Amino acid sequence: MIVGSSDKHPIQTHSPQDCASLDFKGITTARLRLRSWQEGDIEKIHSILQHPDVNLYLQHHQLHERATIERLAQKSKQNIRERGYGYFVCEHQETGEVIGMVGLNYVEINAPYFPCHTVSWIFSHSYWGKGYATEAGQALIKYGFEVCNLPEIYACTTSANKASENVMKRLEMKFVSHFGFPGFEE
């Protein structure tokens with residue numbers, strides 16, 4: 001795995017626990033709306049994750065299984081309510097279509113640099129290569145620093161996932177280290 005970090009422009013406006021008290025209404029960018037989970041989203045995300053290229057680097061997480069997505073959605077709703085962040089459903093602003101999910105999460109695993117806050121993205125294959133992951137990542141990093149007052153945000157990807165590594169570079173994240181993510185074989 002590769003880990004990159006961003007510690008750009010944190011502003012001291014809220015303590016991290018204050019983020020949950022802000023009554024999350026969604027994050028809007030020029031083309032995207034990042035929001036909490038709603039009725040019907042599990043099926044849409046499940047469908048996106050059935051594409052073999054989308055699921056290629058996620059197989060360890062078993063995200064192609066509906067039950068896993070149901071647990072993820074429930075935990076995400078709880079995290080958004082309690083912390084102000086989690087995995088968000090990503091909608092295309094113009095069409096309202098669910099095109100993926102993106103996350104700002106606190107990840108607790110036994111690995112270097114963890115526990116920490118991470119940003120992540122999963123998009124429908126038909127939306128790859130159009131800048132959506134970078135746009136969502138920028139919005140999540142800004143939200144994490146400016147609203148949630150997080151001191152640092154990381155992103156991780158497998159060494160083989162050059163597209164996500166390139167998104168991390170476009171997010172101006174700096175390379176930190178290669179490490180072994182528990183359960184992943186490179």
# chains A, B, ... in the order shown; residues from 1 in each chain; ligands from 1

$ residues_around --residues "stretch 30-34 of chain A" --least-positions-apart "2" --cutoff "6 Å" --atoms "only C-alpha atoms" --output "PDB file with C-alpha atoms, in the first residue's frame"
ATOM      1  CA  GLY A  26     -24.175  17.641   2.427  1.00  0.00           C
ATOM      2  CA  ILE A  27     -21.174  18.951   0.562  1.00  0.00           C
ATOM      3  CA  THR A  28     -21.662  20.523  -2.848  1.00  0.00           C
ATOM      4  CA  PHE A  88     -20.972   9.714   1.672  1.00  0.00           C
ATOM      5  CA  VAL A  89     -23.016   8.859  -1.383  1.00  0.00           C
ATOM      6  CA  CYS A  90     -21.855  10.894  -4.368  1.00  0.00           C
ATOM      7  CA  GLU A  91     -24.490  12.254  -6.747  1.00  0.00           C
ATOM      8  CA  HIS A  92     -23.982  14.012 -10.050  1.00  0.00           C
ATOM      9  CA  GLN A  93     -25.391  17.535  -9.546  1.00  0.00           C
TER      10      GLN A  93
END

$ closest_residue --among "A:Trp37, A:Tyr154, A:Tyr57, A:Phe175" --to "A:Pro115" --atoms "only C-alpha atoms"
A:Tyr154

$ select_by_dssp --residues "stretch 80-142 of chain A" --states "alpha helix (DSSP H)" --output "PyMOL selection string"
chain A and resi 80-83+132-142

$ write_last_selection --atoms "all heavy atoms" --output "short mmCIF file (atom, residue, chain, number, x, y, z; two decimals), in the first residue's frame"
data_model
loop_
_atom_site.label_atom_id
_atom_site.label_comp_id
_atom_site.auth_asym_id
_atom_site.auth_seq_id
_atom_site.Cartn_x
_atom_site.Cartn_y
_atom_site.Cartn_z
N ILE A 80 -21.79 9.78 10.41
CA ILE A 80 -22.14 11.14 9.98
C ILE A 80 -22.94 11.84 11.07
O ILE A 80 -22.71 13.01 11.37
CB ILE A 80 -22.90 11.10 8.63
CG1 ILE A 80 -21.96 10.63 7.52
CG2 ILE A 80 -23.50 12.46 8.30
CD1 ILE A 80 -22.65 10.25 6.22
N ARG A 81 -23.85 11.11 11.69
CA ARG A 81 -24.65 11.67 12.79
C ARG A 81 -23.78 12.01 14.00
O ARG A 81 -23.91 13.07 14.59
CB ARG A 81 -25.72 10.65 13.18
CG ARG A 81 -27.04 11.17 13.56
CD ARG A 81 -28.12 10.12 13.85
NE ARG A 81 -27.69 8.77 14.17
CZ ARG A 81 -27.72 7.73 13.33
NH1 ARG A 81 -28.15 7.90 12.10
NH2 ARG A 81 -27.34 6.54 13.71
N GLU A 82 -22.88 11.10 14.36
CA GLU A 82 -22.09 11.27 15.58
C GLU A 82 -20.81 12.08 15.39
O GLU A 82 -20.37 12.75 16.32
CB GLU A 82 -21.72 9.90 16.15
CG GLU A 82 -22.92 9.11 16.64
CD GLU A 82 -22.57 7.71 17.11
OE1 GLU A 82 -21.37 7.33 17.07
OE2 GLU A 82 -23.50 6.99 17.50
N ARG A 83 -20.20 12.01 14.21
CA ARG A 83 -18.91 12.65 13.98
C ARG A 83 -18.95 13.76 12.94
O ARG A 83 -18.04 14.57 12.86
CB ARG A 83 -17.87 11.62 13.53
CG ARG A 83 -17.58 10.56 14.56
CD ARG A 83 -16.55 9.59 14.03
NE ARG A 83 -16.21 8.60 15.03
CZ ARG A 83 -15.33 7.65 14.86
NH1 ARG A 83 -14.68 7.55 13.71
NH2 ARG A 83 -15.08 6.78 15.82
N TYR A 132 -13.75 13.47 -11.32
CA TYR A 132 -14.69 13.43 -10.20
C TYR A 132 -14.02 13.04 -8.88
O TYR A 132 -14.36 13.59 -7.83
CB TYR A 132 -15.85 12.49 -10.50
CG TYR A 132 -16.75 13.00 -11.59
CD1 TYR A 132 -16.80 12.37 -12.83
CD2 TYR A 132 -17.56 14.12 -11.39
CE1 TYR A 132 -17.63 12.84 -13.84
CE2 TYR A 132 -18.39 14.59 -12.39
CZ TYR A 132 -18.41 13.95 -13.61
OH TYR A 132 -19.24 14.42 -14.61
N ALA A 133 -13.09 12.10 -8.90
CA ALA A 133 -12.41 11.69 -7.67
C ALA A 133 -11.59 12.85 -7.11
O ALA A 133 -11.61 13.10 -5.90
CB ALA A 133 -11.52 10.47 -7.92
N THR A 134 -10.93 13.58 -7.96
CA THR A 134 -10.15 14.74 -7.52
C THR A 134 -11.08 15.81 -6.95
O THR A 134 -10.81 16.38 -5.88
CB THR A 134 -9.32 15.31 -8.68
OG1 THR A 134 -8.46 14.27 -9.17
CG2 THR A 134 -8.48 16.50 -8.23
N GLU A 135 -12.18 16.08 -7.63
CA GLU A 135 -13.14 17.09 -7.17
C GLU A 135 -13.72 16.72 -5.81
O GLU A 135 -13.81 17.55 -4.90
CB GLU A 135 -14.25 17.22 -8.22
CG GLU A 135 -15.23 18.34 -7.96
CD GLU A 135 -16.20 18.53 -9.11
OE1 GLU A 135 -15.83 18.27 -10.29
OE2 GLU A 135 -17.34 18.96 -8.84
N ALA A 136 -14.12 15.46 -5.66
CA ALA A 136 -14.67 15.01 -4.38
C ALA A 136 -13.59 15.02 -3.29
O ALA A 136 -13.84 15.44 -2.16
CB ALA A 136 -15.25 13.61 -4.52
N GLY A 137 -12.39 14.57 -3.64
CA GLY A 137 -11.29 14.56 -2.68
C GLY A 137 -10.96 15.96 -2.17
O GLY A 137 -10.75 16.17 -0.98
N GLN A 138 -10.92 16.93 -3.08
CA GLN A 138 -10.66 18.32 -2.68
C GLN A 138 -11.74 18.81 -1.71
O GLN A 138 -11.44 19.45 -0.71
CB GLN A 138 -10.61 19.23 -3.91
CG GLN A 138 -9.39 19.04 -4.75
CD GLN A 138 -9.48 19.74 -6.11
OE1 GLN A 138 -10.57 19.99 -6.65
NE2 GLN A 138 -8.33 20.04 -6.68
N ALA A 139 -12.99 18.49 -2.01
CA ALA A 139 -14.10 18.92 -1.16
C ALA A 139 -14.01 18.27 0.22
O ALA A 139 -14.24 18.93 1.24
CB ALA A 139 -15.44 18.60 -1.81
N LEU A 140 -13.68 16.99 0.27
CA LEU A 140 -13.57 16.29 1.55
C LEU A 140 -12.40 16.80 2.38
O LEU A 140 -12.52 16.97 3.60
CB LEU A 140 -13.43 14.78 1.32
CG LEU A 140 -14.68 14.07 0.83
CD1 LEU A 140 -14.34 12.62 0.47
CD2 LEU A 140 -15.80 14.13 1.84
N ILE A 141 -11.28 17.06 1.73
CA ILE A 141 -10.12 17.59 2.45
C ILE A 141 -10.44 18.98 3.00
O ILE A 141 -10.15 19.28 4.17
CB ILE A 141 -8.87 17.59 1.55
CG1 ILE A 141 -8.41 16.14 1.32
CG2 ILE A 141 -7.75 18.44 2.15
CD1 ILE A 141 -7.34 15.99 0.26
N LYS A 142 -11.05 19.82 2.19
CA LYS A 142 -11.43 21.15 2.66
C LYS A 142 -12.40 21.05 3.84
O LYS A 142 -12.23 21.74 4.85
CB LYS A 142 -12.06 21.95 1.51
CG LYS A 142 -12.46 23.35 1.90
CD LYS A 142 -13.02 24.13 0.73
CE LYS A 142 -13.40 25.51 1.19
NZ LYS A 142 -13.97 26.33 0.14
#

$ residues_around --residues "A:Tyr87" --least-positions-apart "2" --cutoff "9 Å" --atoms "only C-alpha atoms" --output "short mmCIF file (atom, residue, chain, number, x, y, z; two decimals) with all heavy atoms, in the first residue's frame"
data_model
loop_
_atom_site.label_atom_id
_atom_site.label_comp_id
_atom_site.auth_asym_id
_atom_site.auth_seq_id
_atom_site.Cartn_x
_atom_site.Cartn_y
_atom_site.Cartn_z
N ARG A 35 -23.53 13.35 0.09
CA ARG A 35 -24.62 13.37 1.06
C ARG A 35 -24.66 12.07 1.85
O ARG A 35 -24.02 11.09 1.50
CB ARG A 35 -25.95 13.60 0.35
CG ARG A 35 -26.27 12.53 -0.69
CD ARG A 35 -27.71 12.57 -1.12
NE ARG A 35 -28.04 11.62 -2.15
CZ ARG A 35 -28.21 10.32 -1.98
NH1 ARG A 35 -28.06 9.77 -0.77
NH2 ARG A 35 -28.52 9.53 -2.99
N SER A 36 -25.49 12.07 2.88
CA SER A 36 -25.70 10.86 3.66
C SER A 36 -26.53 9.86 2.86
O SER A 36 -27.15 10.21 1.85
CB SER A 36 -26.40 11.20 4.98
OG SER A 36 -26.38 10.09 5.84
N TRP A 37 -26.55 8.64 3.33
CA TRP A 37 -27.25 7.54 2.65
C TRP A 37 -28.77 7.70 2.75
O TRP A 37 -29.29 8.11 3.79
CB TRP A 37 -26.83 6.21 3.25
CG TRP A 37 -25.39 5.89 2.97
CD1 TRP A 37 -24.30 6.50 3.52
CD2 TRP A 37 -24.89 4.90 2.09
NE1 TRP A 37 -23.15 5.95 3.02
CE2 TRP A 37 -23.48 4.96 2.15
CE3 TRP A 37 -25.50 3.96 1.27
CZ2 TRP A 37 -22.67 4.11 1.40
CZ3 TRP A 37 -24.69 3.12 0.53
CH2 TRP A 37 -23.30 3.20 0.59
N LEU A 72 -21.92 -1.14 5.83
CA LEU A 72 -21.19 0.10 5.59
C LEU A 72 -22.13 1.30 5.62
O LEU A 72 -21.83 2.33 6.23
CB LEU A 72 -20.47 0.03 4.24
CG LEU A 72 -19.72 1.28 3.84
CD1 LEU A 72 -18.35 1.29 4.48
CD2 LEU A 72 -19.61 1.38 2.34
N ALA A 73 -23.29 1.18 4.99
CA ALA A 73 -24.27 2.27 4.96
C ALA A 73 -24.76 2.59 6.37
O ALA A 73 -24.85 3.77 6.75
CB ALA A 73 -25.44 1.92 4.04
N LYS A 75 -23.26 1.97 9.28
CA LYS A 75 -22.15 2.55 10.05
C LYS A 75 -21.88 3.97 9.59
O LYS A 75 -21.60 4.86 10.40
CB LYS A 75 -20.91 1.67 9.90
CG LYS A 75 -19.73 2.13 10.71
CD LYS A 75 -19.98 1.99 12.19
CE LYS A 75 -18.74 2.33 12.98
NZ LYS A 75 -19.00 2.50 14.39
N SER A 76 -21.97 4.21 8.29
CA SER A 76 -21.73 5.55 7.75
C SER A 76 -22.77 6.54 8.25
O SER A 76 -22.43 7.67 8.64
CB SER A 76 -21.71 5.52 6.22
OG SER A 76 -20.61 4.79 5.77
N LYS A 77 -24.04 6.14 8.24
CA LYS A 77 -25.10 7.04 8.75
C LYS A 77 -24.83 7.38 10.22
O LYS A 77 -24.98 8.53 10.63
CB LYS A 77 -26.47 6.40 8.58
CG LYS A 77 -26.96 6.40 7.15
CD LYS A 77 -28.43 6.04 7.07
CE LYS A 77 -28.61 4.62 6.68
NZ LYS A 77 -30.01 4.23 6.47
N ASN A 79 -21.87 7.31 11.78
CA ASN A 79 -20.68 8.17 11.86
C ASN A 79 -20.99 9.60 11.46
O ASN A 79 -20.51 10.54 12.09
CB ASN A 79 -19.55 7.62 10.98
CG ASN A 79 -18.87 6.42 11.58
OD1 ASN A 79 -18.97 6.16 12.78
ND2 ASN A 79 -18.16 5.68 10.75
N ILE A 80 -21.79 9.78 10.41
CA ILE A 80 -22.14 11.14 9.98
C ILE A 80 -22.94 11.84 11.07
O ILE A 80 -22.71 13.01 11.37
CB ILE A 80 -22.90 11.10 8.63
CG1 ILE A 80 -21.96 10.63 7.52
CG2 ILE A 80 -23.50 12.46 8.30
CD1 ILE A 80 -22.65 10.25 6.22
N TYR A 85 -18.84 13.05 9.72
CA TYR A 85 -18.19 12.52 8.53
C TYR A 85 -18.30 10.99 8.52
O TYR A 85 -18.64 10.37 9.52
CB TYR A 85 -16.73 12.95 8.41
CG TYR A 85 -15.89 12.68 9.65
CD1 TYR A 85 -15.31 11.44 9.86
CD2 TYR A 85 -15.68 13.67 10.59
CE1 TYR A 85 -14.55 11.18 10.98
CE2 TYR A 85 -14.92 13.42 11.72
CZ TYR A 85 -14.34 12.18 11.91
OH TYR A 85 -13.59 11.94 13.02
N VAL A 89 -22.58 9.20 -0.03
CA VAL A 89 -23.02 8.86 -1.38
C VAL A 89 -22.72 10.07 -2.26
O VAL A 89 -22.93 11.21 -1.85
CB VAL A 89 -24.52 8.50 -1.40
CG1 VAL A 89 -25.03 8.35 -2.82
CG2 VAL A 89 -24.76 7.23 -0.59
N MET A 101 -19.30 6.53 -4.17
CA MET A 101 -19.27 6.90 -2.76
C MET A 101 -17.86 7.37 -2.43
O MET A 101 -16.88 6.91 -3.03
CB MET A 101 -19.71 5.76 -1.85
CG MET A 101 -18.81 4.58 -1.78
SD MET A 101 -19.51 3.36 -0.63
CE MET A 101 -18.16 2.20 -0.58
N VAL A 102 -17.79 8.31 -1.51
CA VAL A 102 -16.52 8.89 -1.10
C VAL A 102 -16.51 8.95 0.41
O VAL A 102 -17.56 9.01 1.04
CB VAL A 102 -16.30 10.28 -1.73
CG1 VAL A 102 -16.22 10.19 -3.25
CG2 VAL A 102 -17.40 11.25 -1.33
N GLY A 103 -15.32 8.92 0.98
CA GLY A 103 -15.27 8.88 2.43
C GLY A 103 -14.25 9.79 3.05
O GLY A 103 -13.19 10.04 2.50
N LEU A 104 -14.62 10.30 4.20
CA LEU A 104 -13.71 10.94 5.14
C LEU A 104 -13.96 10.17 6.43
O LEU A 104 -15.05 10.25 7.01
CB LEU A 104 -14.04 12.42 5.31
CG LEU A 104 -13.21 13.17 6.35
CD1 LEU A 104 -11.72 13.16 5.99
CD2 LEU A 104 -13.70 14.62 6.48
N ASN A 105 -13.00 9.36 6.82
CA ASN A 105 -13.19 8.43 7.93
C ASN A 105 -12.02 8.42 8.89
O ASN A 105 -10.90 8.75 8.50
CB ASN A 105 -13.38 7.00 7.38
CG ASN A 105 -14.69 6.84 6.68
OD1 ASN A 105 -15.74 6.80 7.31
ND2 ASN A 105 -14.65 6.77 5.36
N SER A 120 -11.20 8.83 0.79
CA SER A 120 -11.24 7.74 -0.19
C SER A 120 -12.35 7.98 -1.19
O SER A 120 -13.24 8.80 -0.96
CB SER A 120 -11.43 6.40 0.52
OG SER A 120 -12.61 6.42 1.29
N TRP A 121 -12.31 7.23 -2.29
CA TRP A 121 -13.27 7.41 -3.36
C TRP A 121 -13.48 6.11 -4.12
O TRP A 121 -12.56 5.33 -4.32
CB TRP A 121 -12.80 8.50 -4.33
CG TRP A 121 -11.35 8.35 -4.67
CD1 TRP A 121 -10.81 7.56 -5.66
CD2 TRP A 121 -10.24 8.94 -4.00
NE1 TRP A 121 -9.45 7.64 -5.64
CE2 TRP A 121 -9.06 8.49 -4.62
CE3 TRP A 121 -10.12 9.82 -2.93
CZ2 TRP A 121 -7.79 8.88 -4.23
CZ3 TRP A 121 -8.85 10.21 -2.52
CH2 TRP A 121 -7.71 9.74 -3.18
#

$ closest_residue --among "A:Ile122, A:Gly131, A:Cys116, A:Ser47" --to "A:Ile153" --atoms "only C-alpha atoms"
A:Cys116

$ atom_distance --atom1 "atom CA of A:Arg71" --atom2 "atom CA of A:His46"
12.1 Å

$ residues_around --residues "A:Met168" --least-positions-apart "4" --cutoff "9 Å" --atoms "only C-alpha atoms" --output "list of chain:residue names"
A:Gly4, A:Ser5, A:Thr134, A:Gly137, A:Ala155, A:Cys156, A:Ala163, A:Ser164, A:Glu172, A:Met173, A:Lys174, A:Phe175

$ write_last_selection --atoms "all heavy atoms" --output "compact mmCIF listing (two decimals), in the first residue's frame"
# COMPACT_ATOMS: atom_id res chain seq x y z
N GLY A 4 -0.35 8.59 1.47
CA GLY A 4 0.01 9.98 1.24
C GLY A 4 -0.73 10.84 2.24
O GLY A 4 -1.77 10.45 2.76
N SER A 5 -0.18 12.01 2.55
CA SER A 5 -0.83 12.86 3.54
C SER A 5 -1.02 14.27 3.02
O SER A 5 -0.33 14.72 2.13
CB SER A 5 -0.03 12.90 4.84
OG SER A 5 1.12 13.71 4.69
N THR A 134 -10.93 13.58 -7.96
CA THR A 134 -10.15 14.74 -7.52
C THR A 134 -11.08 15.81 -6.95
O THR A 134 -10.81 16.38 -5.88
CB THR A 134 -9.32 15.31 -8.68
OG1 THR A 134 -8.46 14.27 -9.17
CG2 THR A 134 -8.48 16.50 -8.23
N GLY A 137 -12.39 14.57 -3.64
CA GLY A 137 -11.29 14.56 -2.68
C GLY A 137 -10.96 15.96 -2.17
O GLY A 137 -10.75 16.17 -0.98
N ALA A 155 -4.53 9.39 2.60
CA ALA A 155 -5.20 8.53 1.63
C ALA A 155 -4.28 7.34 1.39
O ALA A 155 -3.06 7.46 1.49
CB ALA A 155 -5.46 9.27 0.32
N CYS A 156 -4.88 6.19 1.10
CA CYS A 156 -4.10 4.98 0.86
C CYS A 156 -4.57 4.33 -0.44
O CYS A 156 -5.73 4.43 -0.80
CB CYS A 156 -4.32 3.97 1.98
SG CYS A 156 -3.93 4.56 3.60
N ALA A 163 -4.20 4.92 -10.91
CA ALA A 163 -5.21 5.97 -11.04
C ALA A 163 -5.44 6.66 -9.70
O ALA A 163 -5.47 7.89 -9.63
CB ALA A 163 -6.51 5.39 -11.59
N SER A 164 -5.59 5.88 -8.62
CA SER A 164 -5.78 6.50 -7.30
C SER A 164 -4.52 7.21 -6.84
O SER A 164 -4.58 8.26 -6.20
CB SER A 164 -6.22 5.46 -6.27
OG SER A 164 -7.60 5.22 -6.40
N GLU A 172 -2.49 17.09 -4.20
CA GLU A 172 -1.27 17.65 -3.60
C GLU A 172 -0.91 16.96 -2.29
O GLU A 172 -0.34 17.57 -1.40
CB GLU A 172 -1.38 19.17 -3.44
CG GLU A 172 -1.58 19.88 -4.75
CD GLU A 172 -1.72 21.39 -4.59
OE1 GLU A 172 -1.18 21.95 -3.63
OE2 GLU A 172 -2.40 21.99 -5.45
N MET A 173 -1.24 15.69 -2.21
CA MET A 173 -0.84 14.91 -1.05
C MET A 173 0.62 14.52 -1.26
O MET A 173 1.05 14.32 -2.39
CB MET A 173 -1.71 13.67 -0.90
CG MET A 173 -3.17 14.02 -0.69
SD MET A 173 -4.17 12.59 -0.33
CE MET A 173 -4.41 12.83 1.42
N LYS A 174 1.34 14.44 -0.17
CA LYS A 174 2.74 14.06 -0.30
C LYS A 174 2.90 12.59 0.07
O LYS A 174 2.23 12.08 0.97
CB LYS A 174 3.63 14.95 0.56
CG LYS A 174 3.31 14.94 2.03
CD LYS A 174 4.15 15.94 2.78
CE LYS A 174 3.69 15.96 4.23
NZ LYS A 174 3.75 17.23 4.84
N PHE A 175 3.80 11.93 -0.67
CA PHE A 175 4.07 10.52 -0.42
C PHE A 175 4.67 10.39 0.98
O PHE A 175 5.57 11.12 1.35
CB PHE A 175 5.03 9.98 -1.47
CG PHE A 175 5.51 8.59 -1.16
CD1 PHE A 175 4.69 7.50 -1.41
CD2 PHE A 175 6.75 8.37 -0.59
CE1 PHE A 175 5.12 6.22 -1.11
CE2 PHE A 175 7.18 7.10 -0.29
CZ PHE A 175 6.37 6.01 -0.55

$ atom_distance --atom1 "atom CA of A:Glu65" --atom2 "atom CA of A:Asp41"
14.1 Å
